[in-house]
file target_24.tsv (TSV, C-alpha atoms and all ligand atoms)
chain	number	residue	atom	x	y	z
A	13	MET	CA	-27.08	8.01	-19.55
A	14	ALA	CA	-23.58	6.67	-19.97
A	15	SER	CA	-24.43	3.25	-21.32
A	16	GLY	CA	-24.90	1.78	-24.79
A	17	ILE	CA	-26.43	-1.33	-26.29
A	18	ASP	CA	-24.87	-4.82	-26.36
A	19	ASP	CA	-21.20	-4.63	-25.39
A	20	GLU	CA	-20.98	-0.92	-26.27
A	21	VAL	CA	-18.77	-1.35	-29.32
A	22	THR	CA	-20.76	1.32	-31.20
A	23	LEU	CA	-20.51	3.70	-28.26
A	24	ARG	CA	-16.71	3.38	-28.32
A	25	ALA	CA	-16.64	3.62	-32.14
A	26	ASN	CA	-18.63	6.89	-31.94
A	27	ARG	CA	-16.11	8.37	-29.50
A	28	GLU	CA	-13.19	7.24	-31.66
A	29	GLY	CA	-14.97	8.52	-34.78
A	30	PHE	CA	-15.28	12.00	-33.33
A	31	LEU	CA	-11.54	12.03	-32.55
A	32	LYS	CA	-10.91	11.94	-36.31
A	33	TYR	CA	-12.48	15.40	-36.66
A	34	GLN	CA	-10.05	18.24	-36.17
A	35	LEU	CA	-10.61	21.96	-35.84
A	36	ARG	CA	-8.75	23.88	-38.53
A	37	PRO	CA	-8.07	27.40	-37.32
A	38	ARG	CA	-8.28	30.05	-40.03
A	39	ARG	CA	-6.39	33.17	-39.16
A	40	LEU	CA	-7.29	36.70	-40.24
A	41	VAL	CA	-10.78	35.66	-41.31
A	42	ASP	CA	-13.79	37.68	-40.16
A	43	VAL	CA	-15.75	35.35	-37.90
A	44	SER	CA	-17.71	38.06	-36.13
A	45	LYS	CA	-20.88	36.96	-37.93
A	46	VAL	CA	-21.03	33.18	-38.33
A	47	ASP	CA	-24.21	31.88	-39.94
A	48	MET	CA	-24.88	28.22	-39.20
A	49	SER	CA	-28.61	28.50	-39.76
A	50	THR	CA	-30.42	25.71	-41.49
A	51	GLU	CA	-33.93	24.82	-42.59
A	52	ILE	CA	-35.51	21.48	-41.66
A	53	LEU	CA	-39.01	20.63	-42.93
A	54	GLY	CA	-39.70	24.27	-43.66
A	55	VAL	CA	-38.61	25.60	-40.25
A	56	LYS	CA	-35.51	27.74	-39.91
A	57	TYR	CA	-33.09	27.16	-37.03
A	58	ASP	CA	-30.01	29.17	-36.08
A	59	SER	CA	-28.20	25.91	-35.36
A	60	PRO	CA	-27.76	22.66	-37.31
A	61	ILE	CA	-27.53	20.68	-34.03
A	62	ILE	CA	-30.45	18.37	-33.25
A	63	ILE	CA	-31.10	17.04	-29.75
A	64	ALA	CA	-31.78	13.31	-30.21
A	65	PRO	CA	-34.60	11.77	-28.21
A	66	SER	CA	-33.70	10.16	-24.90
A	67	GLY	CA	-36.20	8.88	-22.37
A	68	GLY	CA	-37.10	10.08	-18.88
A	69	HIS	CA	-34.89	13.12	-18.30
A	70	LYS	CA	-36.28	13.53	-14.80
A	71	ALA	CA	-34.42	10.35	-13.87
A	72	TYR	CA	-31.25	12.38	-14.41
A	73	HIS	CA	-32.30	15.78	-13.08
A	74	PRO	CA	-35.51	17.02	-11.45
A	75	ASP	CA	-35.83	19.81	-14.05
A	76	GLY	CA	-36.06	17.16	-16.78
A	77	GLU	CA	-37.12	17.83	-20.37
A	78	PRO	CA	-38.15	21.50	-19.81
A	79	ALA	CA	-34.55	22.28	-18.82
A	80	VAL	CA	-33.32	20.60	-22.02
A	81	ALA	CA	-35.92	22.63	-23.92
A	82	ARG	CA	-34.63	25.86	-22.41
A	83	ALA	CA	-31.09	24.90	-23.46
A	84	ALA	CA	-32.39	24.11	-26.97
A	85	LYS	CA	-34.06	27.53	-27.03
A	86	THR	CA	-30.81	29.29	-26.12
A	87	GLY	CA	-29.03	27.83	-29.16
A	88	ASP	CA	-32.17	27.50	-31.34
A	89	HIS	CA	-31.60	23.74	-31.74
A	90	LEU	CA	-34.30	21.35	-32.89
A	91	GLN	CA	-35.43	19.12	-30.01
A	92	ILE	CA	-36.89	15.64	-30.54
A	93	LEU	CA	-38.95	14.51	-27.55
A	94	SER	CA	-38.97	10.81	-26.61
A	95	THR	CA	-42.12	8.71	-26.37
A	96	ASN	CA	-40.80	7.94	-22.89
A	97	ALA	CA	-40.50	11.59	-21.86
A	98	SER	CA	-41.25	12.48	-18.27
A	99	THR	CA	-42.92	15.78	-19.29
A	100	SER	CA	-45.85	16.40	-21.63
A	101	ILE	CA	-45.23	17.55	-25.18
A	102	LYS	CA	-47.12	20.80	-24.67
A	103	ASP	CA	-45.10	21.70	-21.57
A	104	VAL	CA	-41.86	21.02	-23.44
A	105	ILE	CA	-43.00	23.17	-26.37
A	106	ALA	CA	-43.91	25.94	-23.92
A	107	ALA	CA	-40.38	25.77	-22.47
A	108	ARG	CA	-38.79	25.56	-25.94
A	109	GLY	CA	-40.83	28.45	-27.30
A	110	LYS	CA	-41.02	26.73	-30.71
A	111	PRO	CA	-42.57	23.50	-32.01
A	112	ILE	CA	-40.59	20.31	-31.49
A	113	TRP	CA	-40.57	16.86	-33.08
A	114	TYR	CA	-42.08	13.84	-31.39
A	115	GLN	CA	-40.23	10.49	-31.39
A	116	LEU	CA	-42.48	7.44	-31.70
A	117	TYR	CA	-41.84	3.94	-30.40
A	118	ALA	CA	-44.45	2.08	-32.42
A	119	THR	CA	-45.94	-1.14	-31.05
A	120	ASN	CA	-47.62	-3.85	-33.13
A	121	LYS	CA	-50.94	-2.09	-32.52
A	122	PHE	CA	-51.67	0.60	-35.11
A	123	GLU	CA	-54.28	2.25	-32.84
A	124	VAL	CA	-51.63	2.88	-30.18
A	125	ALA	CA	-49.33	4.62	-32.68
A	126	LYS	CA	-52.30	6.60	-34.04
A	127	HIS	CA	-53.26	7.71	-30.53
A	128	HIS	CA	-49.69	8.84	-29.76
A	129	VAL	CA	-49.30	10.70	-33.05
A	130	GLU	CA	-52.69	12.44	-32.81
A	131	SER	CA	-51.95	13.49	-29.26
A	132	ALA	CA	-48.52	14.80	-30.30
A	133	GLU	CA	-50.10	16.77	-33.13
A	134	GLN	CA	-52.77	18.25	-30.86
A	135	GLN	CA	-50.10	19.32	-28.40
A	136	GLY	CA	-48.14	21.12	-31.13
A	137	ALA	CA	-45.46	18.69	-32.39
A	138	ILE	CA	-44.75	19.33	-36.08
A	139	ALA	CA	-43.09	16.07	-37.11
A	140	VAL	CA	-42.72	12.48	-35.99
A	141	ALA	CA	-39.42	10.58	-35.86
A	142	VAL	CA	-40.13	6.86	-35.84
A	143	THR	CA	-37.55	4.75	-33.99
A	144	VAL	CA	-37.25	1.37	-35.66
A	145	ASP	CA	-34.33	-0.25	-33.85
A	146	SER	CA	-36.17	-1.39	-30.74
A	147	SER	CA	-39.14	-3.32	-32.12
A	148	GLY	CA	-37.42	-6.69	-31.68
A	149	GLY	CA	-36.11	-5.87	-28.20
A	150	ARG	CA	-32.65	-4.66	-27.18
A	151	ASN	CA	-29.72	-6.28	-25.48
A	152	GLN	CA	-28.95	-3.64	-22.86
A	153	GLU	CA	-26.13	-5.50	-21.17
A	154	THR	CA	-24.95	-2.65	-18.95
A	155	LEU	CA	-28.49	-1.89	-17.78
A	156	PHE	CA	-29.18	-5.54	-17.00
A	157	ARG	CA	-25.91	-5.84	-15.08
A	158	LEU	CA	-26.32	-2.64	-13.06
A	159	GLN	CA	-30.02	-2.82	-12.28
A	160	LYS	CA	-29.27	-5.60	-9.79
A	161	SER	CA	-27.36	-3.10	-7.65
A	162	ASP	CA	-29.46	0.02	-8.33
A	163	ALA	CA	-32.67	0.26	-6.33
A	164	GLN	CA	-34.14	2.87	-8.72
A	165	LEU	CA	-33.58	0.66	-11.74
A	166	ARG	CA	-35.03	-2.48	-10.15
A	167	GLY	CA	-38.42	-3.29	-11.53
A	168	LEU	CA	-37.89	-1.54	-14.87
A	169	PRO	CA	-38.17	-3.72	-18.01
A	201	LIG	C1	-29.85	7.03	-22.19
A	201	LIG	C2	-30.38	7.00	-23.58
A	201	LIG	C3	-31.75	7.05	-23.78
A	201	LIG	C4	-32.27	7.02	-25.07
A	201	LIG	N1	-33.62	7.09	-25.24
A	201	LIG	C5	-34.13	7.08	-26.49
A	201	LIG	C6	-35.53	7.20	-26.67
A	201	LIG	O1	-36.32	7.32	-25.73
A	201	LIG	N2	-35.98	7.18	-27.95
A	201	LIG	C7	-35.16	7.06	-29.04
A	201	LIG	O2	-35.64	7.06	-30.17
A	201	LIG	N3	-33.82	6.97	-28.88
A	201	LIG	C8	-33.30	6.97	-27.65
A	201	LIG	N4	-31.94	6.90	-27.48
A	201	LIG	C9	-31.07	6.87	-28.68
A	201	LIG	C10	-30.57	8.26	-29.01
A	201	LIG	O3	-31.60	9.10	-29.48
A	201	LIG	C11	-29.49	8.21	-30.14
A	201	LIG	O4	-30.05	7.73	-31.31
A	201	LIG	C12	-28.35	7.32	-29.77
A	201	LIG	O5	-27.84	7.71	-28.52
A	201	LIG	C13	-27.25	7.38	-30.83
A	201	LIG	O6	-26.77	8.66	-30.90
A	201	LIG	P1	-25.55	9.01	-31.83
A	201	LIG	O7	-26.05	8.86	-33.23
A	201	LIG	O8	-25.20	10.41	-31.47
A	201	LIG	O9	-24.49	8.05	-31.48
A	201	LIG	C14	-31.41	6.93	-26.21
A	201	LIG	C15	-30.03	6.91	-25.98
A	201	LIG	C16	-29.52	6.94	-24.71
A	201	LIG	C17	-28.02	6.90	-24.52

call {"tool": "encode", "arguments": {"input": "target_24.tsv", "output": "structure tokens"}}
result
Amino acid sequence: MASGIDDEVTLRANREGFLKYQLRPRRLVDVSKVDMSTEILGVKYDSPIIIAPSGGHKAYHPDGEPAVARAAKTGDHLQILSTNASTSIKDVIAARGKPIWYQLYATNKFEVAKHHVESAEQQGAIAVAVTVDSSGGRNQETLFRLQKSDAQLRGLP
């Protein structure tokens, strides 16, 4: 969960980028009712925060994606569920209590993408986020280096 792609330059740049944001306190302003609600594809959310897709949450915690869904429910955040999720879409929607988006890793076979999308739709997903940065393969240097010493990672692509 801590690693990035290639030599993690973007990961570091993201961290440094966020340091440029500062909180500007405003005194004597009524903040008892803050409205951060937003509408995305016709659905209203209390929060503008979106949980990006990440694969196999049960590798990190036995409660996996349903626990993330419960957290998303608490803040009314949109959750995008990975193609590589370790829990079914319908179980995640049940835990979220609201439809989620499905993230698609498309292969070079249209029928596979069609099958995934139809299944996602049947299970209640309301939108598809297509990930396009992995089609040509990824250089996951940290993963490749660490999987030699991690028994659980050995054998994964
Ligand atoms: C451990 C890990 C797993 C990820 N798994 C997926 C995935 O299954 N599908 C996907 O589309 N993106 C996946 N991503 C990418 C994230 O959704 C996100 O785009 C990326 O971390 C960049 O986020 P940022 O824009 O906040 O920097 C993963 C990222 C990480 C760190």

call {"tool": "residues_around", "arguments": {"input": "target_24.tsv", "residues": "Val129 in chain A", "least_positions_apart": "6", "cutoff": "9 Å", "atoms": "only C-alpha atoms", "output": "number ranges by chain"}}
result
A: 114, 116, 137, 140

call {"tool": "residues_around", "arguments": {"input": "target_24.tsv", "residues": "Asp145 in chain A", "least_positions_apart": "6", "cutoff": "12 Å", "atoms": "all atoms listed in the file", "output": "count of residues only"}}
result
6

call {"tool": "residues_near_ligand", "arguments": {"input": "target_24.tsv", "ligand": "ligand LIG 201 (chain A)", "cutoff": "8 Å", "atoms": "all atoms listed in the file", "output": "MDAnalysis selection string"}}
result
chainID A and resid 13:16 22:23 26 63:68 93:97 115:117 141:143

call {"tool": "atom_distance", "arguments": {"input": "target_24.tsv", "atom1": "CA of Lys102 in chain A", "atom2": "CA of Asn120 in chain A"}}
result
26.1 Å

call {"tool": "closest_residue", "arguments": {"input": "target_24.tsv", "among": "A:Gly29, A:Gly76, A:Pro37, A:Gly54", "to": "Ala139 in chain A", "atoms": "all atoms listed in the file"}}
result
A:Gly54

call {"tool": "atom_distance", "arguments": {"input": "target_24.tsv", "atom1": "CA of Thr99 in chain A", "atom2": "CA of Gln152 in chain A"}}
result
24.2 Å

call {"tool": "atom_distance", "arguments": {"input": "target_24.tsv", "atom1": "CA of Gly136 in chain A", "atom2": "CA of Met48 in chain A"}}
result
25.6 Å

call {"tool": "residues_around", "arguments": {"input": "target_24.tsv", "residues": "Arg82 in chain A", "least_positions_apart": "3", "cutoff": "6 Å", "atoms": "all atoms listed in the file", "output": "PyMOL selection string"}}
result
chain A and resi 79+85+107-108

call {"tool": "write_last_selection", "arguments": {"input": "target_24.tsv", "atoms": "C-alpha atoms", "output": "compact mmCIF listing (two decimals), in the frame of the given file"}}
result
# COMPACT_ATOMS: atom_id res chain seq x y z
CA ALA A 79 -34.55 22.28 -18.82
CA LYS A 85 -34.06 27.53 -27.03
CA ALA A 107 -40.38 25.77 -22.47
CA ARG A 108 -38.79 25.56 -25.94

call {"tool": "closest_residue", "arguments": {"input": "target_24.tsv", "among": "A:Ile92, A:Asp58, A:Arg38, A:Ser100", "to": "Gln134 in chain A", "atoms": "all atoms listed in the file"}}
result
A:Ser100

call {"tool": "axis_aligned_box", "arguments": {"input": "target_24.tsv", "around": "range 48-55 of chain A", "padding_each_side": "3 Å", "output": "AutoDock Vina command-line options"}}
result
--center_x -32.3 --center_y 24.6 --center_z -41.4 --size_x 20.8 --size_y 13.9 --size_z 10.5

call {"tool": "closest_residue", "arguments": {"input": "target_24.tsv", "among": "A:Glu123, A:Glu153, A:Asp162, A:Asp88", "to": "Asp19 in chain A", "atoms": "all atoms listed in the file"}}
result
A:Glu153
